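Chemist: What follows is target.tsv, TSV, C-alpha atoms and all ligand atoms.
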chain	number	residue	atom	x	y	z
A	1	MET	CA	-17.60	48.84	-20.53
A	2	GLY	CA	-14.55	47.75	-22.48
A	3	SER	CA	-10.90	48.47	-21.84
A	4	THR	CA	-10.42	49.92	-25.33
A	5	PRO	CA	-8.60	53.27	-25.16
A	6	PRO	CA	-10.41	56.29	-26.64
A	7	LEU	CA	-10.19	56.54	-30.42
A	8	ALA	CA	-8.17	59.77	-30.25
A	9	ASP	CA	-5.49	57.94	-28.24
A	10	ARG	CA	-5.52	55.06	-30.68
A	11	LEU	CA	-5.10	57.44	-33.61
A	12	ARG	CA	-2.14	59.11	-31.88
A	13	GLN	CA	-0.59	55.76	-30.99
A	14	GLN	CA	-0.88	54.59	-34.59
A	15	ALA	CA	0.56	57.97	-35.70
A	16	ASP	CA	3.64	57.33	-33.53
A	17	HIS	CA	3.95	53.87	-35.02
A	18	CYS	CA	3.67	55.23	-38.59
A	19	ARG	CA	6.28	57.89	-37.91
A	20	ALA	CA	8.67	55.31	-36.42
A	21	ALA	CA	8.03	53.07	-39.43
A	22	GLY	CA	8.88	55.89	-41.88
A	23	SER	CA	5.53	57.43	-42.84
A	24	PRO	CA	5.38	61.01	-41.54
A	25	LEU	CA	2.50	61.69	-43.95
A	26	THR	CA	0.25	59.04	-42.39
A	27	ALA	CA	1.32	60.22	-38.94
A	28	ALA	CA	0.28	63.80	-39.78
A	29	LEU	CA	-3.12	62.63	-41.05
A	30	LEU	CA	-3.82	60.61	-37.93
A	31	GLU	CA	-2.68	63.32	-35.55
A	32	GLY	CA	-4.82	65.86	-37.43
A	33	ALA	CA	-7.83	63.57	-37.15
A	34	ALA	CA	-7.22	62.89	-33.45
A	35	GLY	CA	-7.31	66.64	-32.76
A	36	GLU	CA	-10.78	66.91	-34.33
A	37	LEU	CA	-12.52	64.18	-32.36
A	38	GLY	CA	-15.17	65.58	-30.06
A	39	THR	CA	-15.44	68.89	-31.95
A	40	GLY	CA	-18.64	68.02	-33.84
A	41	GLY	CA	-16.92	68.86	-37.16
A	42	PRO	CA	-16.83	66.68	-40.29
A	43	VAL	CA	-13.92	64.52	-39.11
A	44	ASP	CA	-15.71	63.93	-35.83
A	45	ARG	CA	-18.89	62.99	-37.72
A	46	LEU	CA	-16.86	60.56	-39.85
A	47	LEU	CA	-14.76	58.92	-37.16
A	48	GLY	CA	-16.84	59.40	-34.01
A	49	PRO	CA	-19.07	56.39	-34.88
A	50	LEU	CA	-15.93	54.19	-34.98
A	51	GLU	CA	-15.13	54.97	-31.33
A	52	ASP	CA	-16.04	51.48	-30.12
A	53	ASP	CA	-14.58	49.50	-33.02
A	54	PRO	CA	-12.18	46.82	-31.77
A	55	PRO	CA	-8.53	48.00	-31.82
A	56	GLY	CA	-7.61	45.00	-33.98
A	57	THR	CA	-9.69	46.41	-36.85
A	58	VAL	CA	-7.41	49.49	-36.84
A	59	PRO	CA	-9.83	52.37	-37.61
A	60	ALA	CA	-6.76	54.63	-38.00
A	61	LEU	CA	-5.49	52.68	-41.01
A	62	ARG	CA	-9.00	52.39	-42.44
A	63	PHE	CA	-9.17	56.21	-42.37
A	64	ALA	CA	-5.73	56.60	-43.99
A	65	GLY	CA	-6.66	54.01	-46.63
A	66	ALA	CA	-9.99	55.73	-47.36
A	67	LEU	CA	-8.32	59.11	-47.96
A	68	HIS	CA	-5.64	57.50	-50.09
A	69	ARG	CA	-8.27	55.83	-52.20
A	70	LEU	CA	-9.93	59.20	-52.92
A	71	VAL	CA	-6.53	60.49	-54.02
A	72	LEU	CA	-5.82	57.48	-56.24
A	73	GLU	CA	-9.27	57.85	-57.80
A	74	ARG	CA	-8.41	61.48	-58.65
A	75	GLN	CA	-11.33	62.69	-56.50
A	76	ALA	CA	-9.31	64.94	-54.21
A	77	PRO	CA	-6.78	67.02	-56.20
A	78	GLY	CA	-6.20	69.45	-53.32
A	79	LEU	CA	-5.07	66.55	-51.15
A	80	ALA	CA	-3.20	64.75	-53.94
A	81	VAL	CA	-0.58	67.53	-54.14
A	82	HIS	CA	0.74	66.24	-50.78
A	83	TYR	CA	0.76	62.55	-51.78
A	84	PRO	CA	4.05	61.19	-53.19
A	85	SER	CA	2.19	58.10	-54.45
A	86	VAL	CA	0.66	60.29	-57.18
A	87	GLY	CA	3.65	62.60	-57.67
A	88	GLY	CA	2.84	65.08	-54.87
A	89	THR	CA	5.23	66.63	-52.37
A	90	PRO	CA	4.71	66.18	-48.63
A	91	GLY	CA	3.71	69.43	-46.93
A	92	GLU	CA	0.97	70.80	-44.69
A	93	VAL	CA	-1.35	67.90	-45.42
A	94	TRP	CA	-3.91	68.18	-42.63
A	95	PRO	CA	-5.88	71.27	-43.81
A	96	ALA	CA	-6.25	69.66	-47.25
A	97	ALA	CA	-7.27	66.34	-45.69
A	98	ARG	CA	-9.83	68.06	-43.51
A	99	ALA	CA	-11.30	69.82	-46.55
A	100	ALA	CA	-11.44	66.50	-48.42
A	101	VAL	CA	-13.31	64.90	-45.52
A	102	GLU	CA	-15.85	67.74	-45.56
A	103	GLU	CA	-16.33	67.49	-49.31
A	104	HIS	CA	-16.51	63.67	-49.52
A	105	LEU	CA	-18.11	62.83	-46.20
A	106	GLU	CA	-20.71	60.48	-47.61
A	107	ARG	CA	-18.25	58.41	-49.68
A	108	LEU	CA	-15.79	58.31	-46.79
A	109	HIS	CA	-18.50	57.01	-44.46
A	110	GLU	CA	-18.63	53.95	-46.68
A	111	LEU	CA	-14.86	53.65	-47.24
A	112	VAL	CA	-13.84	53.81	-43.56
A	113	ARG	CA	-16.07	50.83	-42.86
A	114	ARG	CA	-14.09	48.60	-45.19
A	115	PRO	CA	-11.52	46.30	-43.57
A	116	VAL	CA	-7.80	46.97	-43.87
A	117	GLN	CA	-6.57	44.94	-46.84
A	118	THR	CA	-2.86	45.47	-47.00
A	119	ASN	CA	-0.98	42.72	-48.79
A	120	GLU	CA	2.60	43.52	-47.89
A	121	VAL	CA	5.19	41.56	-49.84
A	122	GLY	CA	7.99	42.76	-47.57
A	123	ARG	CA	6.69	40.25	-45.05
A	124	SER	CA	7.47	37.42	-47.45
A	125	SER	CA	11.17	38.18	-47.04
A	126	ALA	CA	10.95	37.43	-43.31
A	127	LEU	CA	8.76	34.37	-43.84
A	128	LEU	CA	11.21	33.06	-46.45
A	129	GLY	CA	13.82	32.62	-43.72
A	130	GLY	CA	11.31	30.48	-41.82
A	131	LEU	CA	10.80	28.30	-44.90
A	132	LEU	CA	14.57	27.79	-45.08
A	133	VAL	CA	14.61	26.65	-41.46
A	134	VAL	CA	11.86	24.12	-42.22
A	135	ALA	CA	13.50	22.93	-45.46
A	136	SER	CA	16.83	22.53	-43.72
A	137	ALA	CA	15.35	20.61	-40.76
A	138	THR	CA	13.14	18.27	-42.80
A	139	GLY	CA	14.98	17.93	-46.12
A	140	LEU	CA	11.54	17.89	-47.75
A	141	PRO	CA	9.86	20.03	-50.39
A	142	VAL	CA	7.32	22.52	-49.04
A	143	ARG	CA	3.54	22.57	-49.31
A	144	LEU	CA	2.60	26.15	-48.42
A	145	LEU	CA	-0.81	27.08	-46.97
A	146	GLU	CA	-1.54	30.72	-46.12
A	147	VAL	CA	-4.23	31.96	-43.76
A	148	GLY	CA	-5.36	35.53	-44.54
A	149	ALA	CA	-3.60	35.58	-47.92
A	150	SER	CA	-5.42	38.70	-49.21
A	151	GLY	CA	-4.27	38.99	-52.86
A	152	GLY	CA	-1.99	35.95	-52.55
A	153	LEU	CA	1.14	38.04	-53.13
A	154	ASN	CA	3.17	36.41	-50.38
A	155	LEU	CA	2.49	32.97	-51.85
A	156	GLN	CA	4.84	34.11	-54.63
A	157	VAL	CA	7.74	34.38	-52.15
A	158	ASP	CA	10.32	32.43	-54.18
A	159	ARG	CA	9.49	34.43	-57.33
A	160	TYR	CA	10.93	37.59	-55.75
A	161	ARG	CA	14.58	38.56	-55.58
A	162	HIS	CA	15.82	38.55	-51.98
A	163	GLU	CA	19.38	39.83	-51.73
A	164	VAL	CA	19.97	38.84	-48.13
A	165	ALA	CA	23.74	39.43	-47.94
A	166	ALA	CA	26.44	40.70	-50.28
A	167	GLY	CA	26.43	38.24	-53.17
A	168	VAL	CA	23.68	36.02	-51.67
A	169	VAL	CA	20.49	36.16	-53.70
A	170	LEU	CA	17.52	33.93	-52.86
A	171	GLY	CA	14.42	33.45	-54.99
A	172	ASP	CA	14.31	34.65	-58.59
A	173	PRO	CA	17.28	36.90	-59.42
A	174	ALA	CA	15.39	38.39	-62.40
A	175	SER	CA	12.22	39.24	-60.47
A	176	PRO	CA	10.74	42.76	-60.70
A	177	VAL	CA	10.32	42.57	-56.91
A	178	VAL	CA	13.63	43.28	-55.25
A	179	PHE	CA	14.54	43.16	-51.56
A	180	ASP	CA	18.02	44.44	-50.97
A	181	ALA	CA	17.87	44.80	-47.19
A	182	PRO	CA	20.57	42.50	-45.80
A	183	TRP	CA	19.42	40.04	-43.15
A	184	GLY	CA	20.94	40.81	-39.74
A	185	GLY	CA	21.82	38.57	-36.80
A	186	THR	CA	22.38	34.88	-37.52
A	187	PRO	CA	20.41	34.14	-40.69
A	188	PRO	CA	19.17	30.66	-41.60
A	189	ARG	CA	21.29	28.61	-43.98
A	190	ALA	CA	20.48	29.24	-47.64
A	191	VAL	CA	19.47	25.63	-48.41
A	192	PRO	CA	17.66	24.66	-51.65
A	193	LEU	CA	13.95	25.36	-51.36
A	194	ARG	CA	11.26	23.75	-53.49
A	195	ILE	CA	7.63	24.81	-53.06
A	196	VAL	CA	5.56	22.07	-54.68
A	197	GLU	CA	2.09	23.35	-53.78
A	198	ARG	CA	0.78	26.70	-52.61
A	199	ARG	CA	-2.70	27.92	-51.77
A	200	GLY	CA	-4.28	30.46	-49.48
A	201	CYS	CA	-7.60	31.52	-48.01
A	202	ASP	CA	-9.18	34.79	-47.04
A	203	PRO	CA	-12.82	35.67	-46.24
A	204	GLU	CA	-12.36	38.67	-48.55
A	205	PRO	CA	-9.77	37.67	-51.12
A	206	LEU	CA	-8.48	40.22	-53.59
A	207	ASP	CA	-7.78	39.42	-57.21
A	208	PRO	CA	-4.45	40.88	-58.35
A	209	THR	CA	-5.66	40.81	-61.95
A	210	SER	CA	-8.70	43.03	-61.25
A	211	ALA	CA	-8.28	46.82	-61.54
A	212	GLU	CA	-10.66	47.39	-58.62
A	213	ASP	CA	-8.77	45.04	-56.30
A	214	ARG	CA	-5.40	46.44	-57.34
A	215	LEU	CA	-6.70	49.87	-56.36
A	216	THR	CA	-7.78	48.50	-52.98
A	217	LEU	CA	-4.36	46.94	-52.37
A	218	THR	CA	-2.60	50.15	-53.40
A	219	SER	CA	-4.77	52.36	-51.20
A	220	TYR	CA	-3.54	50.62	-48.04
A	221	VAL	CA	0.14	51.30	-48.78
A	222	TRP	CA	1.21	54.41	-46.88
A	223	ALA	CA	1.34	57.11	-49.51
A	224	ASP	CA	4.87	58.36	-48.82
A	225	GLN	CA	6.52	54.91	-48.93
A	226	LEU	CA	7.48	54.72	-52.56
A	227	ALA	CA	9.70	51.64	-52.21
A	228	ARG	CA	6.65	49.70	-51.03
A	229	PHE	CA	4.70	50.94	-54.08
A	230	GLU	CA	7.45	49.72	-56.36
A	231	ARG	CA	7.40	46.30	-54.73
A	232	LEU	CA	3.61	46.09	-54.88
A	233	ARG	CA	3.64	47.04	-58.55
A	234	GLY	CA	6.22	44.32	-59.25
A	235	ALA	CA	4.32	41.75	-57.20
A	236	LEU	CA	1.09	42.46	-59.09
A	237	GLN	CA	3.00	41.85	-62.31
A	238	VAL	CA	4.35	38.52	-60.99
A	239	ALA	CA	0.89	37.48	-59.78
A	240	ALA	CA	-0.77	38.42	-63.06
A	241	ALA	CA	1.65	36.14	-64.92
A	242	ARG	CA	1.15	33.23	-62.53
A	243	PRO	CA	-1.73	33.69	-60.08
A	244	GLU	CA	-1.94	31.36	-57.09
A	245	PRO	CA	-5.30	30.32	-55.65
A	246	VAL	CA	-6.78	32.23	-52.71
A	247	GLU	CA	-10.13	30.75	-51.71
A	248	ARG	CA	-12.93	32.75	-50.14
A	249	LEU	CA	-12.85	30.90	-46.82
A	250	ALA	CA	-12.13	31.59	-43.17
A	251	GLY	CA	-8.84	30.18	-41.91
A	252	SER	CA	-10.47	27.54	-39.69
A	253	ALA	CA	-12.54	25.99	-42.50
A	254	PHE	CA	-9.61	26.09	-44.90
A	255	LEU	CA	-7.21	24.43	-42.47
A	256	GLU	CA	-9.78	21.85	-41.39
A	257	ARG	CA	-10.03	20.67	-44.97
A	258	GLU	CA	-6.36	20.98	-45.90
A	259	LEU	CA	-5.00	19.36	-42.74
A	260	ARG	CA	-7.55	16.55	-42.40
A	261	ARG	CA	-4.91	13.97	-43.30
A	262	PRO	CA	-1.12	14.19	-42.96
A	263	ARG	CA	0.60	14.49	-46.35
A	264	PRO	CA	3.74	12.29	-46.51
A	265	GLY	CA	6.69	13.43	-48.58
A	266	VAL	CA	6.22	17.17	-48.06
A	267	ALA	CA	6.69	19.59	-45.18
A	268	THR	CA	3.31	21.30	-44.80
A	269	VAL	CA	3.85	24.90	-43.75
A	270	VAL	CA	0.89	26.96	-42.54
A	271	TRP	CA	1.85	30.61	-42.45
A	272	GLN	CA	0.17	33.88	-41.64
A	273	SER	CA	1.32	37.47	-41.35
A	274	VAL	CA	-0.52	40.22	-39.48
A	275	VAL	CA	-3.77	38.26	-39.37
A	276	ARG	CA	-4.23	37.32	-35.70
A	277	GLN	CA	-5.74	40.68	-34.71
A	278	TYR	CA	-8.40	40.35	-37.43
A	279	LEU	CA	-9.74	37.00	-36.16
A	280	ASP	CA	-12.58	37.06	-33.67
A	281	PRO	CA	-11.88	35.05	-30.50
A	282	ALA	CA	-14.01	32.06	-31.59
A	283	GLU	CA	-12.26	31.86	-34.96
A	284	ARG	CA	-8.87	32.20	-33.31
A	285	ASP	CA	-9.70	29.26	-31.00
A	286	ARG	CA	-10.96	27.17	-33.94
A	287	VAL	CA	-7.75	27.79	-35.90
A	288	GLU	CA	-5.66	26.82	-32.87
A	289	ASP	CA	-7.71	23.65	-32.33
A	290	VAL	CA	-7.34	22.57	-35.96
A	291	LEU	CA	-3.60	23.22	-35.87
A	292	ALA	CA	-3.22	21.37	-32.58
A	293	GLY	CA	-5.13	18.35	-33.94
A	294	ALA	CA	-3.09	18.30	-37.15
A	295	GLY	CA	0.09	18.71	-35.10
A	296	ARG	CA	-0.74	15.55	-33.16
A	297	ARG	CA	-1.14	13.61	-36.43
A	298	ALA	CA	2.11	14.93	-37.94
A	299	THR	CA	5.06	12.56	-38.36
A	300	ASP	CA	8.67	12.83	-39.52
A	301	GLU	CA	7.47	11.77	-43.00
A	302	ALA	CA	4.55	14.24	-42.93
A	303	PRO	CA	5.68	17.13	-40.74
A	304	LEU	CA	3.68	20.29	-40.03
A	305	ALA	CA	5.17	23.72	-39.36
A	306	CYS	CA	3.32	26.86	-38.34
A	307	LEU	CA	5.10	30.05	-39.23
A	308	THR	CA	3.79	33.40	-38.06
A	309	LEU	CA	4.79	37.04	-38.47
A	310	GLU	CA	2.76	38.99	-35.94
A	311	PRO	CA	3.06	41.99	-33.63
A	312	GLU	CA	4.81	40.98	-30.45
A	313	ARG	CA	2.04	42.06	-28.08
A	314	GLY	CA	-1.31	42.94	-29.52
A	315	VAL	CA	-1.83	45.86	-31.85
A	316	GLY	CA	0.02	49.11	-32.56
A	317	VAL	CA	3.52	48.04	-31.59
A	318	ASP	CA	6.79	48.59	-33.38
A	319	ARG	CA	8.22	45.11	-32.79
A	320	PHE	CA	7.07	42.23	-34.93
A	321	VAL	CA	8.34	38.69	-34.55
A	322	VAL	CA	8.64	35.61	-36.74
A	323	GLU	CA	7.90	32.41	-34.81
A	324	LEU	CA	7.95	28.76	-35.79
A	325	THR	CA	6.16	25.81	-34.22
A	326	SER	CA	7.25	22.46	-35.70
A	327	ARG	CA	5.42	19.15	-35.31
A	328	PRO	CA	6.71	16.64	-34.43
A	329	GLY	CA	8.73	18.79	-32.07
A	330	ALA	CA	8.24	20.81	-28.96
A	331	GLY	CA	7.48	24.42	-28.31
A	332	THR	CA	7.53	27.58	-30.38
A	333	ARG	CA	10.81	29.17	-31.45
A	334	LEU	CA	11.43	32.86	-31.96
A	335	LEU	CA	13.20	33.03	-35.33
A	336	ALA	CA	13.50	36.75	-35.99
A	337	ASP	CA	12.50	40.31	-35.16
A	338	CYS	CA	11.33	42.46	-38.02
A	339	GLY	CA	9.32	45.53	-38.92
A	340	GLY	CA	5.57	45.52	-39.48
A	341	HIS	CA	6.21	45.46	-43.24
A	342	GLY	CA	9.11	43.00	-43.12
A	343	PRO	CA	12.64	44.47	-43.34
A	344	PRO	CA	14.77	45.12	-41.41
A	345	ILE	CA	14.98	41.48	-40.29
A	346	THR	CA	17.24	40.27	-37.50
A	347	TRP	CA	17.61	36.52	-37.09
A	348	ARG	CA	18.10	34.97	-33.66
B	401	LIG	C1	-3.67	43.05	-42.67
B	401	LIG	S1	-4.22	41.85	-43.80
B	401	LIG	C2	-2.72	40.91	-44.02
B	401	LIG	C3	-2.69	40.22	-45.35
B	401	LIG	C4	-1.45	39.38	-45.60
B	401	LIG	N1	-1.37	38.29	-44.66
B	401	LIG	C5	-0.20	40.20	-45.55
B	401	LIG	O1	0.59	40.06	-44.61
B	401	LIG	O2	0.05	40.99	-46.45
B	401	LIG	C6	-5.24	40.76	-42.83
B	401	LIG	C7	-6.00	39.76	-43.66
B	401	LIG	O3	-6.64	38.83	-42.79
B	401	LIG	C8	-7.85	38.46	-43.41
B	401	LIG	N2	-8.77	37.77	-42.47
B	401	LIG	C9	-9.69	38.30	-41.64
B	401	LIG	N3	-10.37	37.33	-40.99
B	401	LIG	C10	-9.87	36.14	-41.42
B	401	LIG	C11	-10.17	34.77	-41.15
B	401	LIG	N4	-11.13	34.40	-40.29
B	401	LIG	N5	-9.46	33.82	-41.79
B	401	LIG	C12	-8.50	34.15	-42.66
B	401	LIG	N6	-8.16	35.44	-42.97
B	401	LIG	C13	-8.84	36.42	-42.35
B	401	LIG	C14	-8.36	39.80	-43.94
B	401	LIG	O4	-9.39	39.63	-44.91
B	401	LIG	C15	-7.09	40.40	-44.50
B	401	LIG	O5	-6.90	40.06	-45.87
Go ahead and express the file in the form of structure tokens.

Modeler:
Amino acid sequence: MGSTPPLADRLRQQADHCRAAGSPLTAALLEGAAGELGTGGPVDRLLGPLEDDPPGTVPALRFAGALHRLVLERQAPGLAVHYPSVGGTPGEVWPAARAAVEEHLERLHELVRRPVQTNEVGRSSALLGGLLVVASATGLPVRLLEVGASGGLNLQVDRYRHEVAAGVVLGDPASPVVFDAPWGGTPPRAVPLRIVERRGCDPEPLDPTSAEDRLTLTSYVWADQLARFERLRGALQVAAARPEPVERLAGSAFLERELRRPRPGVATVVWQSVVRQYLDPAERDRVEDVLAGAGRRATDEAPLACLTLEPERGVGVDRFVVELTSRPGAGTRLLADCGGHGPPITWR
């Protein structure tokens, strides 16, 4: 007996979160699906078997991603008319979604079992502020290591244009990826930032130069959030021109190797965004142990910083926080509040 709430409740909770985060379309899909659980109909046959899946694996978003993929593959024209991502107009989406589930039940059975693989570049804008804090405190260039890097798009952080205040542009002013959401609160100082090495890991990395993987990344963007599509498109262009390595490795193995010895002359930053919920407890402990060991070996000449963007408490919340743990140094600092996809960002 677990304490996991029933799937219908989890779908409704995620629907509330999607609506609050500006995706009424995804909210309508999840509420429609929640209403069908327990009826014995096609949606129940599709989602009922996911009842006991851990909340961290977010079956709700796997369902939304699976439907979106059908639409992007031009398999579900009746549903596509409601999807802005392919030129549709939002409307009464649930009856069309229900019909698509009935028609494509077998394919959807396979698709809903795939993990969520969102690679959200909006999060890089929040993490960038953390890099500035580290650069300012250490005066050193940055060696950036990402756990759960997916397609590696956030490793490109300084190749995006971040307009963080009127007349203050960070990153590459000419980038096709543009953030023009001003930073709120007390932002970090805009000190010079030099990233001298960058690499990531993911047990299921995606290749931004492969058509199949680009489709996967696109399918997990909520279909009525066109600004996110624009940014993803731009980021795929940036990554295609200059891909950064994402190794097929779990975070613990990657960090064990990368942090074995302190690296003098650079500030090593290990960052992750919306990854914690996907790690099983043993892996989470291993990652913490490796970071703690490396933290003990860190020095002023070879400092280590851990930067995270994660939901404040568990899964399905509206408040996300950016936190920084610096070694040498004590404790973890709350740097900012932000949305699940990055902006708006308020610095503490
Ligand atoms: C929701 S995605 C977030 C991707 C990216 N960090 C972002 O913010 O756009 C979660 C990622 O964590 C990865 N992941 C799952 N288990 C992992 C592990 N043991 N070590 C590293 N990454 C893991 C998944 O494959 C997935 O790409």

Chemist: When you draw a straight line from atom CA of Val266 of chain A to atom N6 of ligand LIG 401 (chain B), how long is it in Å?

Modeler: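 Taking atom CA of Val266 of chain A and atom N6 of ligand LIG 401 (chain B), their separation equals 23.8 Å.
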
Chemist: Kindly compile the residues surrounding ligand LIG 401 (chain B) within 7 Å, counting only C-alpha atoms and all ligand atoms, and format them as a list in words.

Modeler: Val116, Gln117, Thr118, Asn119, Glu120, Val121, Arg123, Val147, Gly148, Ala149, Ser150, Asn154, Cys201, Asp202, Pro203, Glu204, Pro205, Leu249, Ala250, Gly251, Ser252, Gln272, Ser273, Val274, Val275, Tyr278, Leu279 and Glu283 of chain A

Chemist: Could you check which of A:Arg189, A:His109, A:Arg248, A:His341 is closest to Leu132 of chain A, using all atoms listed in the file?

Modeler: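 Nearest to Leu132 of chain A: A:Arg189.
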
Chemist: Can you tell me how far atom CA of Val112 of chain A sits from atom CA of Ala33 of chain A, in Å to one decimal?

Modeler: 13.1 Å

Chemist: Select, from A:Leu193, A:Ala97, A:Leu232, A:Leu79, the residue with the minimum atom-to-atom distance to Pro208 of chain A, counting only C-alpha atoms.

Modeler: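 With only C-alpha atoms as the atom set, the closest residue is A:Leu232.
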
Chemist: So which one's closest to Pro303 of chain A, A:Val71, A:Leu259, A:Val58, A:Leu50? Using all atoms listed in the file, please.

Modeler: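 Smallest separation from Pro303 of chain A among the options: A:Leu259.
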
Chemist: Within 9 Å of Pro42 of chain A, counting all atoms listed in the file, which residues qualify if same-chain residues fewer than 4 places away don't, as a tab-separated table (two decimals) with C-alpha atoms, in the coordinates of the input?

Modeler:
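The resulting file, result-v1.tsv, is shown below:
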chain	number	residue	atom	x	y	z
A	36	GLU	CA	-10.78	66.91	-34.33
A	46	LEU	CA	-16.86	60.56	-39.85
A	47	LEU	CA	-14.76	58.92	-37.16
A	98	ARG	CA	-9.83	68.06	-43.51
A	99	ALA	CA	-11.30	69.82	-46.55
A	101	VAL	CA	-13.31	64.90	-45.52
A	102	GLU	CA	-15.85	67.74	-45.56
A	105	LEU	CA	-18.11	62.83	-46.20

Chemist: Residues near Pro187 of chain A, anyone? I mean within 10 Å using all atoms listed in the file, not counting same-chain ones fewer than 4 positions away, as a ChimeraX atom specification.

Modeler: /A:129-130,132-133,164-165,182-183,335-336,345-348

Chemist: Using all atoms listed in the file, pick whichever of A:Ala239, A:Val142, A:Ala66, A:Leu7 has the shortest atom-to-atom distance to Ala223 of chain A.

Modeler: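 Nearest candidate to Ala223 of chain A out of A:Ala239, A:Val142, A:Ala66, A:Leu7: A:Ala66.
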
Chemist: Go through A:Gly38, A:Val287, A:Ala126, A:Arg199 and flag the residue nearest Glu323 of chain A, using only C-alpha atoms for the distances.

Modeler: A:Ala126

Chemist: Would you work out the distance separating atom CA of Phe320 of chain A from atom CA of Asp9 of chain A, expressed in Å to one decimal?

Modeler: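 Between atom CA of Phe320 of chain A and atom CA of Asp9 of chain A the gap works out to 21.2 Å.
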
Chemist: For Asp180 of chain A, which residue among A:Leu309, A:Ala137, A:Ala96, A:Ala227 is the nearest when counting all atoms listed in the file?

Modeler: A:Ala227

Chemist: Find the residues around Arg233 of chain A up to 10 Å (all atoms listed in the file counted), leave out those fewer than 4 positions away in its own chain, and share them as a list of chain:residue names.

Modeler: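 The contact residues come out as A:Pro176, A:Val177, A:Arg214, A:Thr218, A:Ala227, A:Arg228, A:Phe229, A:Gln237, A:Val238.
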
Chemist: Which residues are close to Cys306 of chain A, i.e. within 6 Å by only C-alpha atoms, leaving aside same-chain residues fewer than 3 positions away? Reply as a PDB file with C-alpha atoms, in the coordinates of the input.

Modeler:
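Just written: around.pdb:
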ATOM      1  CA  VAL A 269       3.850  24.900 -43.750  1.00  0.00           C
ATOM      2  CA  VAL A 270       0.890  26.960 -42.540  1.00  0.00           C
ATOM      3  CA  TRP A 271       1.850  30.610 -42.450  1.00  0.00           C
ATOM      4  CA  LEU A 324       7.950  28.760 -35.790  1.00  0.00           C
ATOM      5  CA  THR A 325       6.160  25.810 -34.220  1.00  0.00           C
TER       6      THR A 325
END
